[in-house]
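Raw target_9.cif, mmCIF, C-alpha atoms:
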```
data_data
loop_
_atom_site.label_atom_id
_atom_site.label_comp_id
_atom_site.auth_asym_id
_atom_site.auth_seq_id
_atom_site.Cartn_x
_atom_site.Cartn_y
_atom_site.Cartn_z
CA MET P 1 98.36 77.31 137.19
CA LEU P 2 97.08 80.62 135.84
CA ARG P 3 95.32 79.10 132.86
CA PRO P 4 92.58 77.28 134.78
CA VAL P 5 92.07 80.49 136.73
CA ILE P 6 91.57 82.34 133.43
CA GLY P 7 88.90 79.87 132.38
CA LEU P 8 87.13 80.12 135.71
CA ALA P 9 87.29 83.90 135.67
CA ALA P 10 85.73 83.99 132.24
CA LEU P 11 82.76 81.87 133.24
CA PRO P 12 81.15 83.21 136.41
CA LEU P 13 79.28 86.40 135.33
CA LEU P 14 76.80 87.19 132.42
CA ALA P 15 75.50 89.95 129.83
CA VAL P 16 72.43 91.78 128.84
CA PRO P 17 73.40 94.09 125.98
CA ALA P 18 73.47 97.65 127.28
CA LEU P 19 73.40 100.71 125.09
CA ALA P 20 76.56 101.93 126.80
CA ASP P 21 78.21 99.00 125.07
CA LEU P 22 78.44 101.37 122.13
CA LYS P 23 82.18 101.56 122.44
CA VAL P 24 85.08 100.16 120.49
CA ARG P 25 87.27 97.66 122.32
CA MET P 26 91.00 97.85 121.75
CA PRO P 27 93.21 94.75 121.32
CA ASP P 28 96.13 95.86 123.48
CA VAL P 29 96.79 94.91 127.10
CA GLU P 30 99.17 96.59 129.53
CA LEU P 31 100.65 94.36 132.22
CA GLY P 32 100.01 95.58 135.76
CA GLU P 33 97.84 98.50 134.69
CA PHE P 34 94.62 99.40 136.53
CA GLU P 35 91.85 101.07 134.53
CA PHE P 36 88.89 102.94 135.93
CA GLU P 37 86.37 103.59 133.18
CA HIS P 38 83.04 105.35 132.84
CA ASN P 39 80.89 105.16 129.72
CA GLY P 40 77.70 107.08 129.08
CA LEU P 41 75.14 107.14 126.31
CA ILE P 42 71.95 109.16 125.82
CA THR P 43 69.73 108.56 122.80
CA PHE P 44 67.26 111.00 121.30
CA ASP P 45 64.14 110.31 119.30
CA SER P 46 60.66 111.71 118.74
CA LYS P 47 58.52 112.46 121.81
CA GLY P 48 56.90 109.38 123.27
CA SER P 49 59.55 107.03 121.89
CA SER P 50 61.25 104.75 124.40
CA LEU P 51 64.54 105.84 122.81
CA ASN P 52 63.95 109.52 123.57
CA ARG P 53 66.30 110.43 126.40
CA ALA P 54 67.05 106.78 127.11
CA GLN P 55 70.24 106.58 129.16
CA SER P 56 72.85 103.93 129.70
CA TYR P 57 75.95 104.03 131.88
CA THR P 58 78.71 101.61 132.72
CA ASN P 59 81.43 101.89 135.32
CA SER P 60 84.26 99.41 135.40
CA ILE P 61 87.59 98.55 136.91
CA GLY P 62 90.12 96.59 134.89
CA TYR P 63 93.56 95.12 135.41
CA GLY P 64 96.27 93.79 133.14
CA VAL P 65 96.87 90.41 134.78
CA LEU P 66 99.32 89.16 132.17
CA PRO P 67 101.05 90.86 129.23
CA TRP P 68 98.29 89.41 127.04
CA TRP P 69 95.21 89.23 129.35
CA LYS P 70 93.14 92.03 130.85
CA ILE P 71 90.09 91.49 133.00
CA GLU P 72 87.40 94.07 133.80
CA LEU P 73 84.47 94.05 136.20
CA GLU P 74 81.66 96.31 135.10
CA GLY P 75 78.32 97.51 136.46
CA GLU P 76 75.62 98.59 133.99
CA LEU P 77 72.84 101.09 134.64
CA ALA P 78 70.14 101.98 132.13
CA SER P 79 66.72 103.52 131.72
CA GLY P 80 64.27 103.92 128.85
CA GLY P 81 62.95 107.38 128.07
CA GLY P 82 61.15 108.76 131.12
CA GLU P 83 61.78 105.63 133.18
CA HIS P 84 63.70 105.10 136.40
CA MET P 85 67.35 104.17 136.19
CA LEU P 86 67.90 100.49 136.92
CA TRP P 87 71.03 98.54 137.69
CA GLU P 88 70.78 95.99 134.89
CA ALA P 89 73.83 93.78 134.99
CA VAL P 90 77.24 92.94 136.34
CA THR P 91 79.68 91.97 133.63
CA LEU P 92 83.05 90.31 133.57
CA GLU P 93 85.04 91.23 130.47
CA ASN P 94 88.21 89.58 129.21
CA THR P 95 90.50 90.99 126.53
CA PHE P 96 93.22 88.78 125.10
CA GLN P 97 96.02 90.48 123.18
CA LEU P 98 97.12 88.03 120.50
CA THR P 99 99.78 90.01 118.67
CA GLU P 100 102.31 92.66 119.60
CA PRO P 101 101.11 96.08 118.35
CA GLY P 102 102.70 96.77 114.96
CA GLU P 103 104.34 93.37 114.61
CA TYR P 104 102.03 91.99 111.94
CA PHE P 105 99.82 93.41 109.22
CA PHE P 106 96.96 93.54 111.76
CA ASN P 107 96.94 93.85 115.54
CA LEU P 108 94.65 91.10 116.80
CA GLY P 109 92.79 90.54 120.03
CA MET P 110 89.91 88.41 121.28
CA PHE P 111 87.12 89.58 123.54
CA PHE P 112 84.93 87.50 125.81
CA GLU P 113 82.37 88.81 128.30
CA TYR P 114 79.86 87.20 130.58
CA SER P 115 77.09 89.36 131.96
CA GLN P 116 74.87 88.47 134.89
CA SER P 117 71.52 90.21 134.77
CA THR P 118 70.47 91.84 138.02
CA LEU P 119 66.86 92.13 136.78
CA ARG P 120 64.35 89.46 137.68
CA ASN P 121 63.38 87.10 134.86
CA GLU P 122 65.93 88.59 132.49
CA PRO P 123 68.44 86.24 130.85
CA ASN P 124 72.18 86.45 131.27
CA GLY P 125 74.44 86.56 128.25
CA VAL P 126 77.81 86.07 126.64
CA THR P 127 79.50 88.23 124.03
CA PHE P 128 82.66 87.24 122.22
CA GLY P 129 84.63 87.79 119.04
CA PRO P 130 87.76 89.18 117.42
CA ILE P 131 89.21 92.67 117.72
CA ILE P 132 91.06 93.67 114.56
CA GLN P 133 93.19 96.79 114.36
CA LYS P 134 95.24 98.32 111.56
CA GLU P 135 97.73 101.16 111.90
CA LEU P 136 98.17 103.05 108.65
CA ASN P 137 101.01 105.53 108.97
CA ASP P 138 101.70 108.50 106.74
CA VAL P 139 98.36 108.50 104.93
CA LEU P 140 98.36 111.90 103.20
CA GLY P 141 100.91 112.96 105.79
CA VAL P 142 99.07 111.75 108.89
CA ASN P 143 99.01 108.53 110.91
CA THR P 144 95.69 106.73 111.26
CA LEU P 145 94.34 103.95 113.48
CA HIS P 146 91.43 101.71 112.50
CA THR P 147 89.77 99.27 114.90
CA LEU P 148 86.99 96.79 114.19
CA ASN P 149 85.02 94.65 116.67
CA LEU P 150 82.96 91.73 115.33
CA PHE P 151 81.10 90.14 118.22
CA LEU P 152 78.49 87.42 118.58
CA THR P 153 76.04 87.48 121.48
CA HIS P 154 73.95 84.76 123.04
CA ASP P 155 71.63 84.52 126.03
CA VAL P 156 72.34 81.93 128.67
CA GLY P 157 70.51 80.73 131.75
CA HIS P 158 66.84 81.13 132.62
CA ASN P 159 64.47 82.79 130.11
CA SER P 160 67.17 82.80 127.47
CA SER P 161 66.29 82.84 123.79
CA LYS P 162 67.99 80.66 121.21
CA ALA P 163 68.92 83.67 119.09
CA THR P 164 72.52 84.47 118.27
CA GLY P 165 73.02 88.17 117.88
CA PHE P 166 75.71 90.16 116.13
CA GLU P 167 77.34 93.44 117.12
CA TYR P 168 79.90 95.41 115.17
CA ALA P 169 81.84 98.50 116.11
CA TRP P 170 84.31 100.35 113.91
CA GLN P 171 86.40 103.37 114.78
CA SER P 172 88.85 105.14 112.46
CA LEU P 173 91.04 107.86 113.96
CA VAL P 174 93.42 110.43 112.53
CA LEU P 175 96.29 110.63 115.03
CA THR P 176 96.85 114.37 114.96
CA HIS P 177 97.86 115.07 118.57
CA PRO P 178 97.73 112.98 121.77
CA LEU P 179 95.25 115.48 123.25
CA ILE P 180 92.76 115.38 120.39
CA ASN P 181 92.36 112.89 117.57
CA PRO P 182 89.27 113.19 115.35
CA GLY P 183 87.62 110.17 113.84
CA ILE P 184 84.49 108.43 112.72
CA GLU P 185 82.60 105.52 114.28
CA PHE P 186 80.04 102.97 113.14
CA TYR P 187 78.00 100.72 115.41
CA GLY P 188 75.38 98.11 114.68
CA THR P 189 73.33 95.43 116.36
CA ILE P 190 71.33 92.58 114.89
CA ASP P 191 69.40 90.80 117.63
CA ASP P 192 68.99 87.49 115.79
CA LEU P 193 71.25 86.53 112.90
CA ALA P 194 68.92 83.72 111.84
CA GLN P 195 66.02 86.15 111.56
CA ALA P 196 67.77 89.42 110.93
CA GLY P 197 64.66 90.95 109.38
CA PRO P 198 64.69 94.18 107.41
CA THR P 199 67.47 96.69 108.06
CA SER P 200 64.86 99.08 109.45
CA GLN P 201 64.44 96.77 112.45
CA GLN P 202 68.17 96.71 113.19
CA GLN P 203 70.15 99.34 115.07
CA HIS P 204 72.90 101.12 113.13
CA TYR P 205 74.70 104.33 114.03
CA VAL P 206 77.38 106.49 112.47
CA GLY P 207 79.03 109.70 113.62
CA PRO P 208 82.13 111.71 114.46
CA VAL P 209 84.23 111.15 117.56
CA LEU P 210 87.05 112.92 119.38
CA VAL P 211 89.59 110.79 121.25
CA GLY P 212 92.47 112.00 123.36
CA GLY P 213 94.32 111.89 126.62
CA VAL P 214 96.92 113.46 128.80
CA SER P 215 99.83 111.86 130.59
CA LEU P 216 99.99 112.56 134.32
CA ALA P 217 103.25 110.60 134.64
CA PRO P 218 104.15 109.15 137.04
CA TYR P 219 100.53 109.25 138.20
CA GLY P 220 98.98 107.55 135.20
CA ASN P 221 97.00 108.73 132.20
CA LEU P 222 93.63 110.40 131.77
CA LYS P 223 91.78 109.59 128.55
CA TYR P 224 88.48 110.60 127.00
CA GLN P 225 86.22 109.90 124.04
CA LEU P 226 83.26 112.00 122.96
CA GLY P 227 81.05 110.99 120.07
CA TYR P 228 77.86 112.07 118.35
CA LEU P 229 75.93 109.42 116.49
CA TRP P 230 73.14 109.53 113.97
CA GLY P 231 70.70 106.65 113.97
CA LEU P 232 70.57 105.16 110.48
CA THR P 233 67.34 103.19 110.95
CA PRO P 234 63.99 103.82 112.69
CA ALA P 235 64.95 101.25 115.37
CA SER P 236 68.07 103.25 116.26
CA GLY P 237 66.36 106.48 117.23
CA ARG P 238 67.28 109.86 115.79
CA SER P 239 70.68 110.43 117.39
CA ALA P 240 72.84 109.72 120.41
CA ILE P 241 75.68 111.20 122.41
CA ARG P 242 78.25 108.90 123.93
CA TRP P 243 81.28 109.53 126.09
CA LYS P 244 84.02 107.62 127.83
CA LEU P 245 86.31 108.75 130.63
CA GLU P 246 89.20 106.59 131.68
CA TYR P 247 91.96 106.82 134.23
CA GLU P 248 94.76 104.29 134.05
CA ILE P 249 97.74 103.77 136.28
CA SER P 250 100.38 101.05 136.46
CA PHE P 251 101.99 99.62 139.55
CA MET S 252 95.41 79.48 125.95
CA ARG S 253 96.90 82.51 124.19
CA ARG S 254 98.32 80.24 121.48
CA ALA S 255 94.95 78.56 121.04
CA LEU S 256 93.26 81.94 120.64
CA LEU S 257 95.93 83.10 118.22
CA LEU S 258 95.51 79.90 116.20
CA LEU S 259 91.77 80.51 116.13
CA ALA S 260 92.32 84.05 114.92
CA LEU S 261 94.79 82.92 112.28
CA LEU S 262 92.18 80.57 110.86
CA LEU S 263 90.23 83.64 109.92
CA PRO S 264 91.16 84.92 106.45
CA TRP S 265 93.20 87.90 107.57
CA PRO S 266 96.57 88.37 105.87
CA VAL S 267 98.97 88.23 108.82
CA VAL S 268 102.47 88.72 107.47
CA ALA S 269 105.71 89.25 109.34
CA ALA S 270 108.80 90.68 107.67
CA ASP S 271 112.44 91.28 108.56
CA ASN S 272 112.71 94.71 110.06
CA PRO S 273 115.65 96.94 111.00
CA THR S 274 116.37 96.65 114.71
CA ALA S 275 117.42 99.25 117.25
CA SER S 276 118.26 98.94 120.94
CA LEU S 277 117.69 101.02 124.05
CA THR S 278 118.80 100.34 127.60
CA ILE S 279 117.24 101.78 130.73
CA ARG S 280 120.03 102.18 133.25
CA ASN S 281 120.10 104.31 136.42
CA HIS S 282 116.60 105.55 135.49
CA ALA S 283 117.75 107.02 132.17
CA PHE S 284 117.59 105.88 128.54
CA ASP S 285 120.85 104.95 126.87
CA PRO S 286 121.13 106.30 124.23
CA ALA S 287 118.79 109.22 124.80
CA GLU S 288 118.71 109.83 121.04
CA LEU S 289 118.26 106.89 118.76
CA GLU S 290 118.56 107.27 115.01
CA VAL S 291 116.47 104.97 112.81
CA PRO S 292 115.66 104.83 109.09
CA ALA S 293 112.49 106.64 108.05
CA GLY S 294 109.83 104.81 106.08
CA GLN S 295 110.50 101.39 107.63
CA LYS S 296 109.03 99.47 110.50
CA ILE S 297 111.54 99.25 113.36
CA GLU S 298 111.98 96.42 115.84
CA LEU S 299 112.96 98.27 118.99
CA HIS S 300 114.56 96.21 121.76
CA VAL S 301 114.25 97.90 125.16
CA ARG S 302 116.26 96.37 127.99
CA ASN S 303 115.74 97.41 131.60
CA ALA S 304 119.03 97.05 133.50
CA ASP S 305 117.57 98.62 136.66
CA SER S 306 116.12 96.79 139.63
CA ALA S 307 112.73 98.53 139.29
CA ALA S 308 110.15 98.17 136.51
CA ALA S 309 109.91 100.87 133.86
CA GLU S 310 107.30 101.71 131.25
CA PHE S 311 108.31 102.80 127.76
CA GLU S 312 105.66 105.28 126.63
CA SER S 313 105.29 107.49 123.59
CA PRO S 314 101.94 109.05 122.64
CA THR S 315 103.40 110.19 119.31
CA LEU S 316 104.52 106.65 118.47
CA HIS S 317 101.27 105.29 119.92
CA ARG S 318 103.16 102.81 122.07
CA GLU S 319 103.12 101.94 125.78
CA LYS S 320 104.77 98.89 127.30
CA VAL S 321 105.94 97.85 130.74
CA VAL S 322 109.58 96.69 130.88
CA PRO S 323 110.01 94.52 133.98
CA ALA S 324 113.24 94.88 135.96
CA GLY S 325 116.13 92.99 134.39
CA GLN S 326 114.15 92.06 131.28
CA GLU S 327 113.95 93.03 127.63
CA VAL S 328 110.85 93.70 125.54
CA VAL S 329 110.39 94.21 121.81
CA ILE S 330 108.30 97.14 120.59
CA TYR S 331 107.39 97.61 116.93
CA VAL S 332 107.19 101.21 115.71
CA GLY S 333 106.62 102.86 112.37
CA PRO S 334 107.05 103.10 109.46
CA LEU S 335 107.93 106.64 110.55
CA ARG S 336 108.08 109.86 108.59
CA ALA S 337 111.37 111.74 108.97
CA GLY S 338 111.27 113.62 112.27
CA SER S 339 111.73 113.42 116.04
CA TYR S 340 109.52 111.28 118.27
CA GLU S 341 109.69 111.67 122.04
CA PHE S 342 109.45 108.77 124.46
CA PHE S 343 109.69 108.57 128.25
CA ASP S 344 109.49 106.23 131.23
CA ASP S 345 105.96 106.56 132.55
CA PHE S 346 107.11 105.43 136.01
CA ASN S 347 109.94 107.96 136.07
CA PRO S 348 109.10 110.75 133.59
CA ARG S 349 112.47 112.48 134.06
CA ALA S 350 113.86 109.67 131.91
CA ARG S 351 113.22 110.90 128.37
CA GLY S 352 114.58 110.38 124.91
CA HIS S 353 113.91 110.80 121.21
CA ILE S 354 113.79 108.55 118.21
CA ILE S 355 115.13 110.44 115.21
CA ALA S 356 113.86 109.07 111.91
CA ARG S 357 115.99 110.10 108.90
#
```
What does the file become when written as structure tokens?
Amino acid sequence: MLRPVIGLAALPLLAVPALADLKVRMPDVELGEFEFEHNGLITFDSKGSSLNRAQSYTNSIGYGVLPWWKIELEGELASGGGEHMLWEAVTLENTFQLTEPGEYFFNLGMFFEYSQSTLRNEPNGVTFGPIIQKELNDVLGVNTLHTLNLFLTHDVGHNSSKATGFEYAWQSLVLTHPLINPGIEFYGTIDDLAQAGPTSQQQHYVGPVLVGGVSLAPYGNLKYQLGYLWGLTPASGRSAIRWKLEYEISF
Amino acid sequence: MRRALLLLALLLPWPVVAADNPTASLTIRNHAFDPAELEVPAGQKIELHVRNADSAAAEFESPTLHREKVVPAGQEVVIYVGPLRAGSYEFFDDFNPRARGHIIAR
């Protein structure tokens, strides 16, 4: 009975890529856990550039419906440099945990999101693809966690293009202490795989990140991420700051 | 649906290999872990069976092991940890944090 509901839940909403989507999705799902998440991103570039002080924010609520399925409802706000903030989209995200963490050589998950544009004449979109994670313990005396997202994107509905886009996100962390784990992140976006064009027209970022959290048991967990990114191409802007705040509690 | 997605993922050329692992068992009874100290071999992946004998759900959590999993009342879950360096790793019940224990890897 639940499976048709899963299919229906995955269909109804759609996606316009938002800059605050610069985050790495994890493959694990916690049954019965509510998540309240805020993501923010500000990009910096030369004066007059639309990427200078462009902002993007998402706020979402998620729930672990099954031991292997989490659903999230997200609102996306964004503005170009010097422009008014606009509510751009409502997105329904689904994460499917395919393997038990640590059971196999990789931890695997699948991600599927449907985002409904709230802007007139803007297309909706879908984003989907695998989440691959590798735990490498005792590397030079420390444990490490590496997560890779490889997602395809496609417009749907009115005014949609035929382009299939590609997004990647990679985060490698050194698990030093639950409160603070340093790492490095890479992000990239190619708007049209068939006409990827020169690298200079694609968006690629790299930079350090701090990830941590504190247990408030039995009142849940508070987690954070804070990253600084350098744009690697002219289309990426000069740099960006991104953050994520998350509160999770199980019932 | 989960099996279909897993099959799809397995068609990708990732090496996904399972192996026989040492097993260890924990029971949650009267809102406490039994045993509270569990000795396991260092340097090997451990298949940890956690059974909840209570009538309320529990959540095995360990930031140092990087594991978190709900254990429904009356059920058993399997959690994979390690390979661990020799040392002590704390875990607790996130729903009842007075219930605590340690995995000792030797």
Give me, as a Markdown table, each residue of chain P that comes within 6 Å of chain S, together with its shortest interatomic pair and the distance in Å at one decimal, counting all atoms listed in the file, with rows ordered by chain and rising residue number.
```
| residue | atom | partner | partner_atom | distance |
| --- | --- | --- | --- | --- |
| P:Leu98 | CA | S:Leu257 | CA | 5.6 |
| P:Gly102 | CA | S:Tyr331 | CA | 5.2 |
| P:Glu103 | CA | S:Tyr331 | CA | 5.7 |
| P:Tyr104 | CA | S:Ala269 | CA | 5.3 |
| P:Phe105 | CA | S:Val267 | CA | 5.3 |
| P:Pro178 | CA | S:Pro314 | CA | 5.8 |
| P:Ala217 | CA | S:Asp345 | CA | 5.3 |
| P:Pro218 | CA | S:Phe346 | CA | 4.9 |
```
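Take atom CA of P:Gly75 and atom CA of P:Asn59: the distance between them is 5.5 Å.
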So that I can see what lies close to P:Gly220, please list as a PyMOL selection string the residues with an atom at most 7 Å from it, counting all atoms listed in the file and leaving out residues fewer than 4 positions away in the same chain.
chain P and resi 215-216+248-250
Could you list, as a PyMOL selection string, every residue within 12 Å of P:Ile131, counting only C-alpha atoms and ignoring same-chain residues fewer than 4 positions away?
(chain P and resi 24-28+94-99+106-112+146-152+167-171) or (chain S and resi 256-257+260+263+265)
Using only C-alpha atoms: which of P:Trp69, P:Val29, P:Asp155, P:Gly82 has the shortest distance to P:Gly48:
P:Gly82
Given the choices P:Ala235, P:Leu31, P:Leu140, P:Met85, which gets closest to P:Gly197 if the distance is worked out from only C-alpha atoms?
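Closest to P:Gly197 of all the choices is P:Ala235.
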Quote the spacing between atom CA of P:Glu74 and atom CA of P:Trp243 in Å to one decimal place.
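Those two atoms sit 16.0 Å apart.
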Please report the interatomic distance between atom CA of P:Gly227 and atom CA of P:Leu193 in Å with one decimal.
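Spanning atom CA of P:Gly227 to atom CA of P:Leu193 is a straight-line distance of 27.3 Å.
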